[in-house]
>>> print(open('coords-v7.csv').read())   # CSV, C-alpha atoms
chain,number,residue,atom,x,y,z
A,271,MET,CA,8.9,-15.1,0.5
A,272,VAL,CA,5.3,-16.4,0.5
A,273,LEU,CA,2.9,-14.1,2.3
A,274,SER,CA,1.2,-16.1,5.1
A,275,ASN,CA,-2.6,-16.5,5.6
A,276,ARG,CA,-2.3,-14.2,8.6
A,277,ILE,CA,-1.0,-11.4,6.4
A,278,LYS,CA,-3.6,-12.1,3.7
A,279,GLN,CA,-6.4,-11.8,6.4
A,280,ILE,CA,-4.9,-8.5,7.6
A,281,THR,CA,-4.8,-7.1,4.1
A,282,SER,CA,-8.5,-7.9,3.5
A,283,ARG,CA,-9.6,-5.4,6.2
A,284,SER,CA,-11.4,-2.3,5.3
A,285,ASP,CA,-9.9,0.1,7.9
A,286,LEU,CA,-6.4,0.2,6.5
A,287,LEU,CA,-4.5,3.1,4.9
A,288,PHE,CA,-1.6,2.5,2.6
A,289,TRP,CA,1.7,4.1,1.7
A,290,VAL,CA,4.7,3.2,-0.4
A,291,ALA,CA,8.3,4.3,0.1
A,292,SER,CA,11.4,3.8,-2.0
A,293,VAL,CA,14.9,5.3,-2.1
A,294,GLY,CA,16.5,6.7,-5.2
A,295,LYS,CA,20.2,6.9,-6.3
A,296,ASN,CA,20.5,10.1,-4.3
A,297,LYS,CA,19.6,8.2,-1.1
A,298,ILE,CA,16.5,10.3,-0.5
A,299,CYS,CA,13.4,8.4,0.5
A,300,GLU,CA,10.2,9.2,-1.3
A,301,LEU,CA,6.9,8.3,0.3
A,302,THR,CA,3.3,8.6,-1.0
A,303,ARG,CA,-0.2,7.4,-0.3
A,304,VAL,CA,-1.6,4.4,-2.1
A,305,SER,CA,-5.2,3.7,-3.1
A,306,GLY,CA,-5.3,0.0,-2.5
A,307,PHE,CA,-3.6,-3.3,-3.3
A,308,ILE,CA,-4.0,-7.0,-4.0
A,309,VAL,CA,-2.0,-10.0,-3.0
A,310,GLU,CA,-1.2,-11.8,-6.3
A,311,ASP,CA,-2.1,-15.5,-6.7
A,312,ASP,CA,1.5,-16.7,-6.2
A,313,ASN,CA,1.4,-15.1,-2.6
A,314,GLU,CA,4.9,-13.7,-3.3
A,315,HIS,CA,3.9,-10.5,-5.0
A,316,ILE,CA,1.6,-7.6,-4.3
A,317,THR,CA,0.3,-5.1,-6.7
A,318,PHE,CA,-0.6,-1.7,-5.4
A,319,PHE,CA,-2.5,1.2,-7.1
A,320,LEU,CA,-2.1,4.9,-7.0
A,321,PRO,CA,-3.1,7.9,-9.1
A,322,LYS,CA,-0.6,8.7,-11.9
A,323,GLN,CA,0.2,12.0,-10.2
A,324,LEU,CA,1.3,10.3,-7.0
A,325,PHE,CA,3.2,7.6,-9.0
A,326,GLY,CA,5.3,10.5,-10.3
A,327,ILE,CA,6.7,11.0,-6.8
A,328,ILE,CA,8.2,7.5,-6.6
A,329,GLU,CA,8.8,6.7,-10.3
A,330,PRO,CA,12.3,8.3,-10.3
A,331,THR,CA,13.3,6.0,-7.5
A,332,LEU,CA,12.2,2.8,-9.2
A,333,ALA,CA,14.5,0.5,-11.2
A,334,VAL,CA,14.4,-3.2,-11.7
A,335,LYS,CA,15.0,-4.9,-8.3
A,336,SER,CA,15.2,-1.6,-6.4
A,337,LYS,CA,14.1,-1.8,-2.8
A,338,ILE,CA,10.5,-0.8,-2.0
A,339,SER,CA,8.5,-0.8,1.1
A,340,PHE,CA,4.7,-1.0,1.4
A,341,LEU,CA,3.1,0.2,4.6
A,342,MET,CA,-0.4,-0.3,6.0
A,343,ALA,CA,-2.0,1.0,9.2
A,344,SER,CA,-5.5,0.9,10.7
A,345,ILE,CA,-7.2,4.2,11.1
A,346,GLN,CA,-9.1,2.8,14.0
A,347,ASN,CA,-6.5,1.2,16.3
A,348,PHE,CA,-3.1,2.0,14.6
A,349,GLU,CA,-2.3,-1.7,14.0
A,350,SER,CA,0.5,-1.4,11.4
A,351,TYR,CA,2.5,-3.6,9.1
A,352,GLN,CA,5.4,-3.1,6.6
A,353,ILE,CA,6.1,-5.3,3.6
A,354,LYS,CA,9.6,-5.0,2.2
A,355,GLY,CA,10.5,-6.2,-1.2
A,356,THR,CA,11.8,-5.3,-4.7
A,357,TYR,CA,10.1,-3.4,-7.5
A,358,LYS,CA,9.2,-5.6,-10.5
A,359,SER,CA,7.1,-3.6,-12.9
A,360,HIS,CA,4.3,-1.0,-13.4
A,361,GLN,CA,1.5,-0.5,-15.9
A,362,LEU,CA,-1.7,1.5,-16.3
A,363,CYS,CA,-4.3,0.2,-13.9
A,364,LYS,CA,-7.0,-2.2,-15.3
A,365,GLU,CA,-10.6,-1.3,-14.9
A,366,GLU,CA,-11.2,-4.3,-12.6
A,367,TYR,CA,-8.6,-3.1,-10.2
A,368,ILE,CA,-10.0,0.4,-10.2
A,369,ASP,CA,-13.4,-1.0,-9.3
A,370,PHE,CA,-11.8,-3.0,-6.5
A,371,TYR,CA,-9.9,-0.3,-4.8
A,372,ARG,CA,-12.6,2.3,-5.3
A,373,LEU,CA,-14.7,0.4,-2.8
A,374,LYS,CA,-11.8,0.3,-0.3
A,375,VAL,CA,-11.2,4.1,-0.6
A,376,LEU,CA,-15.0,4.8,-0.3
A,377,LYS,CA,-15.1,2.6,2.9
A,378,ILE,CA,-12.2,4.6,4.4
A,379,THR,CA,-13.9,7.9,3.6
A,380,ASP,CA,-17.0,6.6,5.3
A,381,ILE,CA,-15.1,5.6,8.4
A,382,LEU,CA,-13.4,9.0,8.6
A,383,SER,CA,-16.7,10.7,8.0
A,384,GLY,CA,-18.2,8.7,10.9
A,385,MET,CA,-15.3,10.1,13.0
A,386,GLY,CA,-16.4,13.6,12.2
A,387,MET,CA,-13.9,14.3,9.5
A,388,ASN,CA,-14.3,15.1,5.8
A,389,GLY,CA,-13.3,11.7,4.5
A,390,ASN,CA,-13.8,12.6,0.8
A,391,GLY,CA,-11.9,15.8,1.2
A,392,ILE,CA,-9.0,13.9,2.8
A,393,PHE,CA,-8.8,10.9,0.5
A,394,GLY,CA,-11.0,11.6,-2.5
A,395,TYR,CA,-7.9,12.4,-4.6
A,396,LEU,CA,-6.9,8.7,-4.4
A,397,LEU,CA,-9.7,7.9,-6.9
A,398,GLU,CA,-8.3,10.2,-9.6
A,399,GLN,CA,-7.6,8.6,-13.0
A,400,PRO,CA,-5.6,7.5,-14.7
A,401,SER,CA,-3.9,5.3,-12.1
A,402,ILE,CA,-0.9,3.0,-12.1
A,403,ALA,CA,-0.5,-0.6,-10.9
A,404,VAL,CA,2.9,-1.3,-9.4
A,405,THR,CA,4.0,-4.9,-8.7
A,406,MET,CA,6.6,-5.7,-6.1
A,407,GLN,CA,8.1,-9.0,-4.9
A,408,CYS,CA,7.8,-9.4,-1.2
A,409,THR,CA,10.8,-10.4,0.9
A,410,ASP,CA,9.9,-9.6,4.5
A,411,VAL,CA,7.0,-8.5,6.6
A,412,TYR,CA,7.3,-6.6,9.9
A,413,GLU,CA,4.8,-5.6,12.5
A,414,GLN,CA,5.0,-1.8,13.1
A,415,THR,CA,2.1,-1.3,15.5
A,416,PRO,CA,3.1,1.3,18.1
A,417,LYS,CA,3.8,-0.8,21.3
A,418,PRO,CA,6.7,-2.3,23.2
A,419,GLY,CA,8.7,-4.7,21.0
A,420,THR,CA,7.4,-3.4,17.7
A,421,GLY,CA,9.4,-3.9,14.6
A,422,GLY,CA,9.7,-7.7,14.8
A,423,LYS,CA,9.7,-9.7,11.6
A,424,LEU,CA,6.6,-11.8,11.1
A,425,ILE,CA,7.2,-15.4,10.1
A,426,ASP,CA,3.7,-16.8,10.4
>>> encode(input="coords-v7.csv", output="structure tokens")
Amino acid sequence: MVLSNRIKQITSRSDLLFWVASVGKNKICELTRVSGFIVEDDNEHITFFLPKQLFGIIEPTLAVKSKISFLMASIQNFESYQIKGTYKSHQLCKEEYIDFYRLKVLKITDILSGMGMNGNGIFGYLLEQPSIAVTMQCTDVYEQTPKPGTGGKLID
């Protein structure tokens, strides 16, 4: 599946939080927060980043072509999307990616601080190093914004 321009525009926003979920052989879902992500040049893959300690939560569920779900939600209006796909690979995060997602995490902590919360206390751990870059192939995108009719597959 090729990610549409609409999805690429959504993913460039600075008010989004991210999670990843996967299910292991024991049929138990594991979910953890993610620091940030990029849409790869082929528009069919995304690579997301998370501290190594958080990667340890989902690592046991990952095998070649295992199903994986990437979730994103706005902290300002709850607009939410889910990208489903399959796990491809992981590696230590490159410095250029760390610099990229550091800015995203800092923006989120600023937004939360502006809402009267301790943004760094809530999300500062997402900047811990080392971090892991996980690549998944995208197969489907769904809108998950809380509203009537949510859950529909996006095709544009």
>>> closest_residue(input="coords-v7.csv", among="A:Ile328, A:Leu362, A:Ala403, A:Ile345", to="Ser292 in chain A", atoms="all atoms listed in the file")
A:Ile328
>>> atom_distance(input="coords-v7.csv", atom1="CA of Met387 in chain A", atom2="CA of Pro321 in chain A")
22.4 Å
>>> closest_residue(input="coords-v7.csv", among="A:Cys408, A:Leu286, A:Leu424, A:Leu373", to="Val304 in chain A", atoms="only C-alpha atoms")
A:Leu286
>>> closest_residue(input="coords-v7.csv", among="A:Val272, A:Met385, A:Ile378, A:Leu324", to="Thr302 in chain A", atoms="only C-alpha atoms")
A:Leu324
>>> residues_around(input="coords-v7.csv", residues="range 276-280 of chain A", least_positions_apart="5", cutoff="10 Å", atoms="all atoms listed in the file", output="list in words")
Asp285, Leu286, Ile308, Val309, Asn313, Met342, Ser344, Glu349, Ser350, Tyr351, Ile353, Val411, Leu424, Ile425 and Asp426 of chain A
>>> atom_distance(input="coords-v7.csv", atom1="CA of Gln414 in chain A", atom2="CA of Gln346 in chain A")
14.9 Å
>>> residues_around(input="coords-v7.csv", residues="Gln361 in chain A", least_positions_apart="4", cutoff="9 Å", atoms="only C-alpha atoms", output="list in words")
Ser401, Ile402, Ala403, Val404 and Thr405 of chain A
>>> closest_residue(input="coords-v7.csv", among="A:Pro416, A:Gly421, A:Asp311, A:Leu397", to="Gln323 in chain A", atoms="only C-alpha atoms")
A:Leu397
>>> residues_around(input="coords-v7.csv", residues="Cys299 in chain A", least_positions_apart="2", cutoff="12 Å", atoms="only C-alpha atoms", output="number ranges by chain")
A: 290-297, 301-302, 327-332, 337-339
>>> closest_residue(input="coords-v7.csv", among="A:Gly355, A:Ser274, A:Ser284, A:Lys423", to="Asp380 in chain A", atoms="only C-alpha atoms")
A:Ser284
>>> closest_atom_pairs(input="coords-v7.csv", of="range 276-349 of chain A", to="range 365-368 of chain A", cutoff="9 Å", atoms="only C-alpha atoms", output="CSV")
residue,atom,partner,partner_atom,distance
A:Gly306,CA,A:Tyr367,CA,8.9
A:Phe307,CA,A:Tyr367,CA,8.5
A:Ile308,CA,A:Tyr367,CA,8.6
A:Phe319,CA,A:Tyr367,CA,8.1
>>> atom_distance(input="coords-v7.csv", atom1="CA of Ala343 in chain A", atom2="CA of Glu413 in chain A")
10.0 Å
>>> closest_residue(input="coords-v7.csv", among="A:His360, A:Asp410, A:Lys322, A:Ser305", to="Arg372 in chain A", atoms="only C-alpha atoms")
A:Ser305
>>> residues_around(input="coords-v7.csv", residues="Ala333 in chain A", least_positions_apart="5", cutoff="9 Å", atoms="only C-alpha atoms", output="PyMOL selection string")
chain A and resi 294+357-359
>>> write_last_selection(input="coords-v7.csv", atoms="C-alpha atoms", output="mmCIF file, keeping the file's coordinate frame")
data_model
loop_
_atom_site.group_PDB
_atom_site.id
_atom_site.type_symbol
_atom_site.label_atom_id
_atom_site.label_comp_id
_atom_site.auth_asym_id
_atom_site.auth_seq_id
_atom_site.Cartn_x
_atom_site.Cartn_y
_atom_site.Cartn_z
ATOM 1 C CA GLY A 294 16.500 6.700 -5.200
ATOM 2 C CA TYR A 357 10.100 -3.400 -7.500
ATOM 3 C CA LYS A 358 9.200 -5.600 -10.500
ATOM 4 C CA SER A 359 7.100 -3.600 -12.900
#
>>> residues_around(input="coords-v7.csv", residues="Ile392 in chain A", least_positions_apart="2", cutoff="12 Å", atoms="all atoms listed in the file", output="JSON, numbers by chain")
{"A": [287, 303, 375, 376, 378, 379, 380, 381, 382, 383, 386, 387, 388, 389, 390, 394, 395, 396, 397]}
>>> build_atoms(input="coords-v7.csv", residues="range 392-412 of chain A", atoms="N, CA and C atoms", output="compact mmCIF listing (two decimals), keeping the file's coordinate frame")
# COMPACT_ATOMS: atom_id res chain seq x y z
N ILE A 392 -10.35 14.42 2.43
CA ILE A 392 -9.00 13.90 2.80
C ILE A 392 -8.48 12.93 1.81
N PHE A 393 -9.34 12.00 1.36
CA PHE A 393 -8.80 10.90 0.50
C PHE A 393 -9.48 10.79 -0.85
N GLY A 394 -10.37 11.69 -1.20
CA GLY A 394 -11.00 11.60 -2.50
C GLY A 394 -10.05 11.62 -3.67
N TYR A 395 -8.91 12.29 -3.53
CA TYR A 395 -7.90 12.40 -4.60
C TYR A 395 -7.36 11.00 -4.98
N LEU A 396 -7.46 10.01 -4.09
CA LEU A 396 -6.90 8.70 -4.40
C LEU A 396 -7.74 7.97 -5.48
N LEU A 397 -8.89 8.54 -5.84
CA LEU A 397 -9.70 7.90 -6.90
C LEU A 397 -9.49 8.58 -8.26
N GLU A 398 -8.60 9.57 -8.33
CA GLU A 398 -8.30 10.20 -9.60
C GLU A 398 -7.73 9.26 -10.61
N GLN A 399 -8.09 9.47 -11.87
CA GLN A 399 -7.60 8.60 -13.00
C GLN A 399 -6.84 9.47 -13.96
N PRO A 400 -5.90 8.91 -14.69
CA PRO A 400 -5.60 7.50 -14.70
C PRO A 400 -4.76 7.09 -13.47
N SER A 401 -4.71 5.78 -13.23
CA SER A 401 -3.90 5.30 -12.10
C SER A 401 -2.95 4.21 -12.60
N ILE A 402 -1.98 3.96 -11.76
CA ILE A 402 -0.90 3.00 -12.10
C ILE A 402 -0.92 1.86 -11.14
N ALA A 403 -0.66 0.67 -11.68
CA ALA A 403 -0.50 -0.60 -10.90
C ALA A 403 0.96 -0.91 -10.82
N VAL A 404 1.49 -1.00 -9.61
CA VAL A 404 2.90 -1.30 -9.40
C VAL A 404 3.00 -2.66 -8.70
N THR A 405 3.82 -3.54 -9.26
CA THR A 405 4.00 -4.90 -8.70
C THR A 405 5.37 -4.97 -8.02
N MET A 406 5.36 -5.52 -6.82
CA MET A 406 6.60 -5.70 -6.10
C MET A 406 6.67 -7.19 -5.60
N GLN A 407 7.87 -7.72 -5.52
CA GLN A 407 8.10 -9.00 -4.90
C GLN A 407 8.33 -8.84 -3.44
N CYS A 408 7.64 -9.58 -2.61
CA CYS A 408 7.80 -9.40 -1.20
C CYS A 408 8.92 -10.26 -0.63
N THR A 409 9.70 -9.67 0.26
CA THR A 409 10.80 -10.40 0.90
C THR A 409 10.66 -10.54 2.38
N ASP A 410 10.06 -9.55 3.04
CA ASP A 410 9.90 -9.60 4.50
C ASP A 410 8.67 -8.82 4.92
N VAL A 411 8.11 -9.22 6.06
CA VAL A 411 7.00 -8.50 6.60
C VAL A 411 7.29 -8.23 8.10
N TYR A 412 7.01 -6.99 8.53
CA TYR A 412 7.30 -6.60 9.90
C TYR A 412 6.04 -5.97 10.52
